[in-house]
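What's in coords_21.cif: mmCIF, C-alpha atoms
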```
data_data
#
loop_
_atom_site.label_atom_id
_atom_site.label_comp_id
_atom_site.auth_asym_id
_atom_site.auth_seq_id
_atom_site.Cartn_x
_atom_site.Cartn_y
_atom_site.Cartn_z
CA MET A 30 102.43 110.91 71.96
CA ALA A 31 102.93 108.27 74.64
CA ALA A 32 100.55 108.43 77.57
CA ASP A 33 101.92 110.55 80.39
CA ILE A 34 101.90 108.08 83.23
CA LEU A 35 103.97 108.31 86.37
CA GLU A 36 105.73 105.07 87.20
CA ILE A 37 107.09 104.30 90.63
CA ALA A 38 108.60 100.93 91.50
CA GLY A 39 106.98 99.36 88.46
CA LYS A 40 103.52 100.66 89.32
CA GLU A 41 101.69 102.92 86.92
CA ILE A 42 100.21 105.83 88.79
CA LYS A 43 97.48 107.65 86.94
CA SER A 44 97.00 110.53 89.36
CA ARG A 45 99.84 112.88 90.16
CA LEU A 46 98.00 114.03 93.25
CA PHE A 47 98.88 112.02 96.35
CA ILE A 48 96.69 112.57 99.37
CA GLY A 49 97.18 112.39 103.12
CA THR A 50 94.49 111.21 105.51
CA GLY A 51 95.15 113.44 108.54
CA LYS A 52 92.88 116.09 110.03
CA PHE A 53 89.59 115.15 108.31
CA SER A 54 86.61 115.63 110.59
CA SER A 55 85.41 112.08 109.90
CA PHE A 56 86.53 108.96 108.09
CA SER A 57 83.49 109.13 105.81
CA LEU A 58 84.37 112.64 104.73
CA MET A 59 87.95 111.52 104.19
CA ARG A 60 86.74 108.69 101.97
CA GLU A 61 84.64 111.07 99.86
CA ALA A 62 87.57 113.48 99.53
CA ILE A 63 89.92 110.67 98.45
CA LYS A 64 87.41 109.63 95.80
CA ALA A 65 86.95 113.19 94.56
CA SER A 66 90.73 113.70 94.41
CA GLU A 67 91.09 110.57 92.25
CA ALA A 68 94.37 110.03 94.11
CA GLN A 69 95.87 106.60 93.87
CA VAL A 70 98.57 107.00 96.51
CA VAL A 71 97.28 107.58 100.04
CA THR A 72 99.31 108.12 103.20
CA VAL A 73 98.55 106.86 106.68
CA ALA A 74 100.47 106.87 109.97
CA LEU A 75 101.12 104.11 112.49
CA ARG A 76 100.37 104.52 116.20
CA ARG A 77 99.78 102.57 119.36
CA VAL A 78 96.24 101.23 119.60
CA ASP A 79 94.06 102.66 122.34
CA THR A 80 92.93 99.37 123.84
CA SER A 81 90.36 101.05 126.07
CA SER A 82 87.96 101.95 123.28
CA LYS A 83 86.81 100.38 120.03
CA GLN A 84 88.00 102.36 117.03
CA ASP A 85 87.11 102.25 113.37
CA ASN A 86 89.74 100.81 111.07
CA ILE A 87 90.90 103.56 108.74
CA LEU A 88 91.64 101.00 106.03
CA ASP A 89 87.89 100.38 105.69
CA TYR A 90 87.56 103.96 104.44
CA ILE A 91 90.36 103.97 101.87
CA PRO A 92 89.37 102.73 98.39
CA LYS A 93 90.82 99.27 97.81
CA ASP A 94 92.55 100.18 94.55
CA CYS A 95 94.71 102.81 96.28
CA ILE A 96 98.37 102.26 97.03
CA LEU A 97 98.91 102.71 100.74
CA MET A 98 101.96 104.73 101.69
CA PRO A 99 102.43 104.59 105.46
CA ASN A 100 104.69 107.29 106.88
CA THR A 101 107.22 106.94 109.68
CA SER A 102 105.95 110.01 111.48
CA GLY A 103 106.94 110.05 115.11
CA ALA A 104 110.42 108.81 114.26
CA ARG A 105 113.18 111.05 115.63
CA ASN A 106 116.05 109.09 114.13
CA ALA A 107 116.81 106.49 111.47
CA GLN A 108 116.47 103.59 113.86
CA GLU A 109 112.95 104.57 114.90
CA ALA A 110 111.95 105.13 111.28
CA VAL A 111 113.17 101.64 110.35
CA ARG A 112 111.23 100.14 113.26
CA ILE A 113 108.01 101.90 112.22
CA ALA A 114 108.51 100.91 108.58
CA ARG A 115 108.88 97.24 109.50
CA LEU A 116 105.72 97.36 111.60
CA ALA A 117 103.86 99.04 108.75
CA LYS A 118 104.99 96.36 106.31
CA ALA A 119 103.87 93.63 108.70
CA ALA A 120 100.34 95.04 108.44
CA GLY A 121 100.29 93.43 105.02
CA CYS A 122 99.35 96.45 102.92
CA GLY A 123 102.37 96.55 100.67
CA ASN A 124 105.95 97.72 100.95
CA TRP A 125 105.73 101.44 100.22
CA ILE A 126 107.02 103.73 102.92
CA LYS A 127 107.27 107.47 103.27
CA VAL A 128 110.36 107.94 105.40
CA GLU A 129 109.83 110.91 107.66
CA VAL A 130 112.38 111.64 110.38
CA ILE A 131 111.83 114.79 112.37
CA SER A 132 113.76 116.04 115.34
CA ASP A 133 112.62 119.66 115.22
CA ASN A 134 109.33 120.15 117.02
CA LYS A 135 108.69 123.75 116.06
CA TYR A 136 108.98 123.65 112.28
CA LEU A 137 108.80 119.87 111.84
CA LEU A 138 111.65 120.05 109.37
CA PRO A 139 113.10 116.71 108.31
CA ASP A 140 116.49 115.48 109.45
CA ASN A 141 118.09 114.74 106.09
CA LEU A 142 121.02 112.69 107.44
CA GLU A 143 118.84 110.34 109.50
CA THR A 144 116.44 110.16 106.54
CA LEU A 145 119.27 109.04 104.28
CA GLU A 146 120.39 106.42 106.78
CA ALA A 147 116.86 105.01 107.13
CA THR A 148 116.45 104.99 103.35
CA GLU A 149 119.65 102.98 102.90
CA VAL A 150 118.49 100.34 105.37
CA LEU A 151 114.93 100.09 104.10
CA VAL A 152 115.81 99.87 100.40
CA LYS A 153 118.06 96.91 101.23
CA GLU A 154 115.10 95.29 102.98
CA GLY A 155 112.98 95.59 99.86
CA PHE A 156 110.89 98.63 100.69
CA VAL A 157 109.77 101.14 98.09
CA VAL A 158 111.11 104.23 99.83
CA LEU A 159 109.87 107.76 99.26
CA PRO A 160 111.76 110.03 101.66
CA TYR A 161 110.35 113.31 102.89
CA MET A 162 113.26 115.77 102.89
CA SER A 163 114.48 119.33 102.99
CA PRO A 164 115.24 120.26 99.38
CA ASP A 165 118.98 119.80 99.26
CA LEU A 166 120.53 118.65 95.99
CA SER A 167 123.46 116.74 97.44
CA ILE A 168 121.28 114.78 99.86
CA ALA A 169 118.82 114.11 97.03
CA LYS A 170 121.66 112.64 94.97
CA ARG A 171 122.65 110.46 97.91
CA LEU A 172 119.05 109.32 98.26
CA VAL A 173 119.01 108.37 94.59
CA GLN A 174 122.23 106.37 95.09
CA ALA A 175 120.65 104.70 98.11
CA GLY A 176 117.82 103.47 95.91
CA ALA A 177 114.96 105.80 96.85
CA SER A 178 112.03 105.52 94.43
CA ALA A 179 111.32 109.26 94.59
CA VAL A 180 112.37 112.25 96.66
CA MET A 181 109.80 114.36 98.45
CA PRO A 182 111.07 117.85 99.23
CA LEU A 183 108.92 120.16 101.31
CA GLY A 184 107.31 123.27 99.87
CA SER A 185 107.09 124.89 103.31
CA PRO A 186 106.62 123.55 106.85
CA ILE A 187 104.05 120.77 107.31
CA GLY A 188 100.52 122.03 107.67
CA SER A 189 101.56 125.67 107.27
CA ASN A 190 99.70 126.21 103.95
CA ARG A 191 102.41 128.70 102.99
CA GLY A 192 103.03 127.29 99.54
CA VAL A 193 106.23 126.74 97.58
CA LYS A 194 108.74 128.75 99.60
CA THR A 195 111.46 126.42 98.37
CA GLU A 196 110.68 126.99 94.69
CA GLU A 197 114.22 127.70 93.52
CA LEU A 198 115.65 124.63 95.25
CA ILE A 199 112.88 122.45 93.89
CA ARG A 200 113.47 123.80 90.40
CA ILE A 201 117.12 122.74 90.68
CA MET A 202 116.19 119.31 92.00
CA VAL A 203 113.77 118.72 89.13
CA GLU A 204 116.54 119.62 86.71
CA GLU A 205 119.24 117.48 88.31
CA ILE A 206 117.47 114.49 89.85
CA LYS A 207 116.37 111.74 87.53
CA ILE A 208 113.86 110.05 89.82
CA PRO A 209 110.43 111.57 90.55
CA VAL A 210 110.46 114.76 92.61
CA ILE A 211 107.24 114.98 94.59
CA VAL A 212 106.54 118.11 96.60
CA ASP A 213 105.22 117.20 100.01
CA ALA A 214 104.13 119.56 102.77
CA GLY A 215 103.05 123.15 102.97
CA LEU A 216 101.07 123.44 99.75
CA GLY A 217 98.08 125.51 100.80
CA ARG A 218 96.02 126.05 97.69
CA PRO A 219 95.52 124.55 94.25
CA SER A 220 97.71 127.19 92.61
CA ASP A 221 100.64 126.00 94.78
CA ALA A 222 100.15 122.47 93.47
CA CYS A 223 99.81 123.79 89.93
CA LEU A 224 103.08 125.71 90.28
CA CYS A 225 104.92 122.55 91.40
CA MET A 226 103.61 120.69 88.38
CA GLU A 227 104.55 123.58 86.05
CA LEU A 228 108.09 123.34 87.47
CA GLY A 229 108.19 119.75 86.29
CA CYS A 230 107.62 117.93 89.56
CA SER A 231 106.25 114.44 89.08
CA ALA A 232 103.52 114.74 91.70
CA VAL A 233 102.45 116.56 94.85
CA LEU A 234 101.25 115.28 98.20
CA ILE A 235 98.45 117.26 99.81
CA ASN A 236 96.78 116.77 103.15
CA THR A 237 96.04 119.75 105.38
CA ALA A 238 94.88 122.12 102.64
CA ILE A 239 92.19 119.65 101.61
CA ALA A 240 91.28 118.25 105.01
CA VAL A 241 90.79 121.53 106.87
CA SER A 242 89.00 123.42 104.10
CA ASP A 243 85.29 124.13 104.48
CA ASN A 244 84.50 121.63 101.75
CA PRO A 245 87.19 118.94 101.54
CA VAL A 246 85.46 117.05 98.74
CA ASN A 247 85.33 120.04 96.41
CA MET A 248 88.81 121.14 97.47
CA ALA A 249 90.13 117.68 96.63
CA ARG A 250 88.63 118.02 93.16
CA ALA A 251 90.10 121.53 92.81
CA PHE A 252 93.58 120.22 93.66
CA SER A 253 93.15 117.39 91.19
CA GLN A 254 92.29 119.84 88.42
CA ALA A 255 95.20 122.11 89.36
CA VAL A 256 97.63 119.20 89.21
CA THR A 257 96.33 118.13 85.82
CA ALA A 258 96.52 121.71 84.51
CA GLY A 259 100.05 122.25 85.80
CA ARG A 260 101.27 118.98 84.34
CA GLU A 261 99.75 119.70 80.98
CA ALA A 262 101.29 123.17 80.97
CA TYR A 263 104.71 121.71 81.80
CA LEU A 264 104.45 119.15 79.00
CA SER A 265 103.34 121.86 76.60
CA GLY A 266 106.52 123.86 77.20
CA ILE A 267 105.94 127.01 79.20
CA PRO A 268 107.18 130.03 77.19
CA SER A 269 110.00 132.09 78.62
CA GLN A 270 109.35 135.45 80.25
CA GLY A 271 110.16 138.69 78.46
CA GLY A 272 111.36 142.01 79.81
CA SER A 273 109.04 144.16 77.72
CA ALA A 274 105.72 143.73 75.93
CA SER A 275 105.24 141.62 72.84
CA ALA A 276 101.94 142.32 71.08
CA SER A 277 99.51 139.47 70.69
CA SER A 278 97.50 141.20 67.95
CA PRO A 279 98.85 142.14 64.49
CA LEU A 280 100.78 145.41 64.36
CA THR A 281 99.52 146.22 60.85
CA GLY A 282 96.15 147.14 59.31
CA PHE A 283 95.14 149.64 61.98
CA LEU A 284 92.03 151.75 61.20
CA ARG A 285 93.86 155.01 61.14
CA LYS A 286 95.05 157.37 58.52
CA GLU A 287 98.79 156.74 58.41
CA ASN A 288 98.31 153.08 57.42
CA MET U 20 101.16 88.58 136.26
CA ILE U 21 102.35 91.94 135.05
CA ILE U 22 103.18 92.66 131.43
CA LYS U 23 103.63 95.92 129.59
CA ILE U 24 101.21 96.79 126.80
CA ASN U 25 101.88 99.95 124.80
CA GLY U 26 104.06 101.32 127.56
CA LYS U 27 101.56 100.67 130.38
CA SER U 28 101.81 97.93 132.98
CA GLU U 29 98.81 95.61 133.05
CA ASN U 30 97.88 92.73 135.25
CA ILE U 31 96.75 89.80 133.13
CA GLU U 32 95.87 86.19 133.82
CA THR U 33 98.63 83.62 133.50
CA LYS U 34 98.86 81.06 130.68
CA LEU U 35 97.49 83.53 128.20
CA ARG U 36 98.54 83.37 124.57
CA LEU U 37 99.07 86.39 122.32
CA ASN U 38 96.02 85.62 120.17
CA GLU U 39 93.90 85.32 123.32
CA LEU U 40 95.15 88.67 124.61
CA ILE U 41 94.09 90.32 121.35
CA ARG U 42 90.70 88.63 121.53
CA ASN U 43 90.22 89.69 125.19
CA LYS U 44 90.98 93.28 124.19
CA ASN U 45 88.28 93.10 121.50
CA LEU U 46 90.79 94.06 118.82
CA THR U 47 90.34 93.08 115.19
CA PRO U 48 93.37 90.93 114.32
CA ALA U 49 93.43 92.18 110.73
CA ALA U 50 93.75 95.77 111.94
CA VAL U 51 96.71 95.44 114.29
CA VAL U 52 100.40 94.60 114.21
CA ILE U 53 102.22 93.27 117.24
CA GLU U 54 105.76 93.74 118.38
CA TYR U 55 106.55 91.25 121.14
CA ASN U 56 109.71 91.93 123.17
CA GLY U 57 111.11 93.87 120.23
CA SER U 58 110.23 91.39 117.47
CA ILE U 59 107.35 91.65 115.05
CA ILE U 60 105.12 88.59 115.32
CA LEU U 61 102.96 87.76 112.32
CA LYS U 62 99.32 86.92 113.00
CA GLU U 63 99.68 83.24 112.19
CA LYS U 64 102.27 82.93 114.97
CA TRP U 65 100.29 84.68 117.70
CA ALA U 66 98.88 81.43 119.05
CA ASP U 67 102.41 80.05 119.47
CA ILE U 68 103.34 82.71 122.00
CA LEU U 69 102.62 82.07 125.65
CA LEU U 70 102.91 85.33 127.55
CA ASN U 71 105.41 85.65 130.37
CA GLU U 72 105.89 88.00 133.30
CA ASN U 73 107.45 91.34 132.23
CA ASP U 74 106.79 90.81 128.54
CA ASN U 75 106.75 94.01 126.54
CA ILE U 76 104.05 94.21 123.89
CA GLU U 77 103.37 96.96 121.40
CA ILE U 78 100.04 96.83 119.59
CA VAL U 79 99.86 99.30 116.72
CA SER U 80 97.55 100.07 113.85
CA PHE U 81 97.20 102.49 110.98
CA VAL U 82 95.69 105.85 111.80
CA SER U 83 95.16 108.99 109.77
CA GLY U 84 98.27 110.91 108.82
CA GLY U 85 99.92 112.82 106.04
#
```

Rendering of file as structure tokens:
Amino acid sequence: MAADILEIAGKEIKSRLFIGTGKFSSFSLMREAIKASEAQVVTVALRRVDTSSKQDNILDYIPKDCILMPNTSGARNAQEAVRIARLAKAAGCGNWIKVEVISDNKYLLPDNLETLEATEVLVKEGFVVLPYMSPDLSIAKRLVQAGASAVMPLGSPIGSNRGVKTEELIRIMVEEIKIPVIVDAGLGRPSDACLCMELGCSAVLINTAIAVSDNPVNMARAFSQAVTAGREAYLSGIPSQGGSASASSPLTGFLRKEN
Amino acid sequence: MIIKINGKSENIETKLRLNELIRNKNLTPAAVVIEYNGSIILKEKWADILLNENDNIEIVSFVSGG
């Protein structure tokens, strides 16, 4: 059997666990968690520098063999997302971008139309675009047409740890969309990540659930194992569910008289 | 003269170049990206830019995020 390797924009990605760098209590802890997760794709954000104090450079704490995927967080429309993406590219760490356009401050749900518009512009400029989106099949199809390298539907609101509330919609996207479907946001525990992989998603992106746990390094490893397990189960063909029991042990040769 | 850096007005000396501004701020050039009056300026061009009154400069860098 051919090796099961995820390929995005010509890059072979060995780990189907992508990891975000927010909310860790220190950069050193973040670095240890990234290593334990074995993730190859790592997200960062872009912000104004605080010129009044000297700050550590986050890039010094991200393993050099990782693919950096800056997000466009803070963007409220396509234009702002494009601006952030261009700045991120100018930093010289590659051309991957997680397009994230959010105009809703309470649930932080993505604006799919602005996301599509930003994706169209950025693909034309040569970016590898992975849009964060609400799981909507027709928008996903439009994103594929626009040249997105993957689609990243949310499981539940960012940082909520509520798991795969959008399961049915994600299941449909996996079935209908021929580019990688990567569940991003809301996955709160390894079993959530495992479920996404069992559904046939290509990868998951985890941040909060790892970063705010009591032991982010061990939690990163737990997520990694869950992703591997879920993927292997998916590839093995998960049996269908039955309405009644089906014995696992032979129904003959019982130690009783009537046999 | 007054210029705007990351949305805040600052009084800086005249005849200052972009690379010198970054040095004066003790910023690591490799860690920052600059947008000067709406255009991204690559590091190798910083020294070509002589700052003017009312210039608008954004200095950004990568931070943690998901």

Please build the interface table for chain U against chain A with a cut-off of 9 Å, listing for each qualifying residue the nearest atom pair and the distance in Å to one decimal; count all atoms listed in the file, order rows by chain and increasing number, and write it as JSON lines.
```
{"residue": "U:Asn25", "atom": "CA", "partner": "A:Arg77", "partner_atom": "CA", "distance": 6.4}
{"residue": "U:Lys44", "atom": "CA", "partner": "A:Thr80", "partner_atom": "CA", "distance": 6.4}
{"residue": "U:Asn45", "atom": "CA", "partner": "A:Lys83", "partner_atom": "CA", "distance": 7.6}
{"residue": "U:Leu46", "atom": "CA", "partner": "A:Lys83", "partner_atom": "CA", "distance": 7.6}
{"residue": "U:Thr47", "atom": "CA", "partner": "A:Asn86", "partner_atom": "CA", "distance": 8.8}
{"residue": "U:Ala49", "atom": "CA", "partner": "A:Ala120", "partner_atom": "CA", "distance": 7.8}
{"residue": "U:Ala50", "atom": "CA", "partner": "A:Asn86", "partner_atom": "CA", "distance": 6.5}
{"residue": "U:Val51", "atom": "CA", "partner": "A:Ala120", "partner_atom": "CA", "distance": 6.9}
{"residue": "U:Val52", "atom": "CA", "partner": "A:Ala120", "partner_atom": "CA", "distance": 5.8}
{"residue": "U:Ile53", "atom": "CA", "partner": "A:Leu116", "partner_atom": "CA", "distance": 7.8}
{"residue": "U:Glu54", "atom": "CA", "partner": "A:Leu116", "partner_atom": "CA", "distance": 7.7}
{"residue": "U:Ile59", "atom": "CA", "partner": "A:Leu116", "partner_atom": "CA", "distance": 6.9}
{"residue": "U:Ile60", "atom": "CA", "partner": "A:Ala119", "partner_atom": "CA", "distance": 8.4}
{"residue": "U:Leu61", "atom": "CA", "partner": "A:Ala119", "partner_atom": "CA", "distance": 7.0}
{"residue": "U:Glu77", "atom": "CA", "partner": "A:Arg77", "partner_atom": "CA", "distance": 7.0}
{"residue": "U:Ile78", "atom": "CA", "partner": "A:Arg77", "partner_atom": "CA", "distance": 5.8}
{"residue": "U:Val79", "atom": "CA", "partner": "A:Arg77", "partner_atom": "CA", "distance": 4.2}
{"residue": "U:Ser80", "atom": "CA", "partner": "A:Leu75", "partner_atom": "CA", "distance": 5.6}
{"residue": "U:Phe81", "atom": "CA", "partner": "A:Leu75", "partner_atom": "CA", "distance": 4.5}
{"residue": "U:Val82", "atom": "CA", "partner": "A:Ala74", "partner_atom": "CA", "distance": 5.2}
{"residue": "U:Ser83", "atom": "CA", "partner": "A:Gly51", "partner_atom": "CA", "distance": 4.6}
{"residue": "U:Gly84", "atom": "CA", "partner": "A:Gly51", "partner_atom": "CA", "distance": 4.0}
{"residue": "U:Gly85", "atom": "CA", "partner": "A:Gly49", "partner_atom": "CA", "distance": 4.0}
```

>> Evaluated on this file, the PyMOL selection byres ((chain U and resi 73) around 6) picks out some residues - which ones are they, written as an MDAnalysis selection string?
In response: chainID U and resid 21:22 72 74

Any chance you could tabulate, as a tab-separated table, the residues of range 123-227 of chain A at most 9 Å from range 32-44 of chain A with each one's nearest atom pair and distance in Å to one decimal, using all atoms listed in the file, in chain and rising number order?
```
residue	atom	partner	partner_atom	distance
A:Val157	CA	A:Ala38	CA	6.7
A:Ser178	CA	A:Ile37	CA	6.4
A:Ala179	CA	A:Ile37	CA	7.6
A:Ile208	CA	A:Ile37	CA	8.9
A:Pro209	CA	A:Ile37	CA	8.0
```

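Coordinates place CA of Arg250 in chain A at a distance of 29.4 Å from CA of Ser269 in chain A.
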
>> Rounded to one decimal, what separation in Å do you get between CA of Gly176 in chain A and CA of Val152 in chain A?
In response: 6.1 Å

>> For the PyMOL selection byres ((chain U and resi 33) around 10), applied here, can you spell out every residue it catches as a ChimeraX atom specification?
In response: /U:20-21,30-32,34-36,69-72

> In Å, how far is it from CA of Phe252 in chain A to CA of Tyr90 in chain A?
Replying inline: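 So the two atoms, CA of Phe252 in chain A and CA of Tyr90 in chain A, lie 20.4 Å apart.
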
Can you translate the PyMOL selection byres ((chain A and resi 200) around 10) into the concrete residues it hits in this file, as an mmCIF file with C-alpha atoms, keeping the file's coordinate frame?
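Produced file expr-v9.cif, reproduced below:
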```cif
data_model
loop_
_atom_site.group_PDB
_atom_site.id
_atom_site.type_symbol
_atom_site.label_atom_id
_atom_site.label_comp_id
_atom_site.auth_asym_id
_atom_site.auth_seq_id
_atom_site.Cartn_x
_atom_site.Cartn_y
_atom_site.Cartn_z
ATOM 1 C CA PRO A 164 115.240 120.260 99.380
ATOM 2 C CA THR A 195 111.460 126.420 98.370
ATOM 3 C CA GLU A 196 110.680 126.990 94.690
ATOM 4 C CA GLU A 197 114.220 127.700 93.520
ATOM 5 C CA LEU A 198 115.650 124.630 95.250
ATOM 6 C CA ILE A 199 112.880 122.450 93.890
ATOM 7 C CA ILE A 201 117.120 122.740 90.680
ATOM 8 C CA MET A 202 116.190 119.310 92.000
ATOM 9 C CA VAL A 203 113.770 118.720 89.130
ATOM 10 C CA GLU A 204 116.540 119.620 86.710
ATOM 11 C CA GLU A 205 119.240 117.480 88.310
ATOM 12 C CA VAL A 210 110.460 114.760 92.610
ATOM 13 C CA CYS A 225 104.920 122.550 91.400
ATOM 14 C CA GLU A 227 104.550 123.580 86.050
ATOM 15 C CA LEU A 228 108.090 123.340 87.470
ATOM 16 C CA GLY A 229 108.190 119.750 86.290
ATOM 17 C CA CYS A 230 107.620 117.930 89.560
#
```

Because the input lacks atoms here, generate N, CA and C atoms for range 21-41 of chain U and report them as a PDB file, keeping the file's coordinate frame.
```pdb
ATOM      1  N   ILE U  21     102.267  90.592 135.629  1.00  0.00           N
ATOM      2  CA  ILE U  21     102.350  91.940 135.050  1.00  0.00           C
ATOM      3  C   ILE U  21     103.090  91.898 133.702  1.00  0.00           C
ATOM      4  N   ILE U  22     102.477  92.476 132.702  1.00  0.00           N
ATOM      5  CA  ILE U  22     103.180  92.660 131.430  1.00  0.00           C
ATOM      6  C   ILE U  22     102.991  94.124 131.009  1.00  0.00           C
ATOM      7  N   LYS U  23     103.760  94.535 130.061  1.00  0.00           N
ATOM      8  CA  LYS U  23     103.630  95.920 129.590  1.00  0.00           C
ATOM      9  C   LYS U  23     102.969  95.922 128.223  1.00  0.00           C
ATOM     10  N   ILE U  24     101.880  96.670 128.090  1.00  0.00           N
ATOM     11  CA  ILE U  24     101.210  96.790 126.800  1.00  0.00           C
ATOM     12  C   ILE U  24     101.194  98.262 126.408  1.00  0.00           C
ATOM     13  N   ASN U  25     101.783  98.567 125.286  1.00  0.00           N
ATOM     14  CA  ASN U  25     101.880  99.950 124.800  1.00  0.00           C
ATOM     15  C   ASN U  25     102.381 100.908 125.892  1.00  0.00           C
ATOM     16  N   GLY U  26     103.404 100.473 126.581  1.00  0.00           N
ATOM     17  CA  GLY U  26     104.060 101.320 127.560  1.00  0.00           C
ATOM     18  C   GLY U  26     103.414 101.336 128.940  1.00  0.00           C
ATOM     19  N   LYS U  27     102.248 100.668 129.080  1.00  0.00           N
ATOM     20  CA  LYS U  27     101.560 100.670 130.380  1.00  0.00           C
ATOM     21  C   LYS U  27     101.576  99.281 130.992  1.00  0.00           C
ATOM     22  N   SER U  28     101.820  99.223 132.294  1.00  0.00           N
ATOM     23  CA  SER U  28     101.810  97.930 132.980  1.00  0.00           C
ATOM     24  C   SER U  28     100.374  97.445 133.151  1.00  0.00           C
ATOM     25  N   GLU U  29     100.156  96.171 132.890  1.00  0.00           N
ATOM     26  CA  GLU U  29      98.810  95.610 133.050  1.00  0.00           C
ATOM     27  C   GLU U  29      98.912  94.268 133.744  1.00  0.00           C
ATOM     28  N   ASN U  30      97.924  94.009 134.564  1.00  0.00           N
ATOM     29  CA  ASN U  30      97.880  92.730 135.250  1.00  0.00           C
ATOM     30  C   ASN U  30      96.991  91.790 134.425  1.00  0.00           C
ATOM     31  N   ILE U  31      97.551  90.724 133.924  1.00  0.00           N
ATOM     32  CA  ILE U  31      96.750  89.800 133.130  1.00  0.00           C
ATOM     33  C   ILE U  31      96.815  88.396 133.725  1.00  0.00           C
ATOM     34  N   GLU U  32      95.868  87.560 133.321  1.00  0.00           N
ATOM     35  CA  GLU U  32      95.870  86.190 133.820  1.00  0.00           C
ATOM     36  C   GLU U  32      97.065  85.423 133.260  1.00  0.00           C
ATOM     37  N   THR U  33      97.490  84.411 133.963  1.00  0.00           N
ATOM     38  CA  THR U  33      98.630  83.620 133.500  1.00  0.00           C
ATOM     39  C   THR U  33      98.175  82.650 132.402  1.00  0.00           C
ATOM     40  N   LYS U  34      99.117  82.026 131.757  1.00  0.00           N
ATOM     41  CA  LYS U  34      98.860  81.060 130.680  1.00  0.00           C
ATOM     42  C   LYS U  34      98.004  81.636 129.552  1.00  0.00           C
ATOM     43  N   LEU U  35      98.233  82.878 129.286  1.00  0.00           N
ATOM     44  CA  LEU U  35      97.490  83.530 128.200  1.00  0.00           C
ATOM     45  C   LEU U  35      98.389  83.573 126.965  1.00  0.00           C
ATOM     46  N   ARG U  36      97.788  83.301 125.814  1.00  0.00           N
ATOM     47  CA  ARG U  36      98.540  83.370 124.570  1.00  0.00           C
ATOM     48  C   ARG U  36      98.274  84.712 123.886  1.00  0.00           C
ATOM     49  N   LEU U  37      99.156  85.077 122.972  1.00  0.00           N
ATOM     50  CA  LEU U  37      99.070  86.390 122.320  1.00  0.00           C
ATOM     51  C   LEU U  37      97.731  86.553 121.584  1.00  0.00           C
ATOM     52  N   ASN U  38      97.291  85.525 120.890  1.00  0.00           N
ATOM     53  CA  ASN U  38      96.020  85.620 120.170  1.00  0.00           C
ATOM     54  C   ASN U  38      94.850  85.816 121.131  1.00  0.00           C
ATOM     55  N   GLU U  39      94.982  85.190 122.328  1.00  0.00           N
ATOM     56  CA  GLU U  39      93.900  85.320 123.320  1.00  0.00           C
ATOM     57  C   GLU U  39      93.887  86.736 123.912  1.00  0.00           C
ATOM     58  N   LEU U  40      95.065  87.297 124.104  1.00  0.00           N
ATOM     59  CA  LEU U  40      95.150  88.670 124.610  1.00  0.00           C
ATOM     60  C   LEU U  40      94.439  89.629 123.659  1.00  0.00           C
ATOM     61  N   ILE U  41      94.706  89.445 122.353  1.00  0.00           N
ATOM     62  CA  ILE U  41      94.090  90.320 121.350  1.00  0.00           C
ATOM     63  C   ILE U  41      92.572  90.146 121.353  1.00  0.00           C
TER      64      ILE U  41
END
```
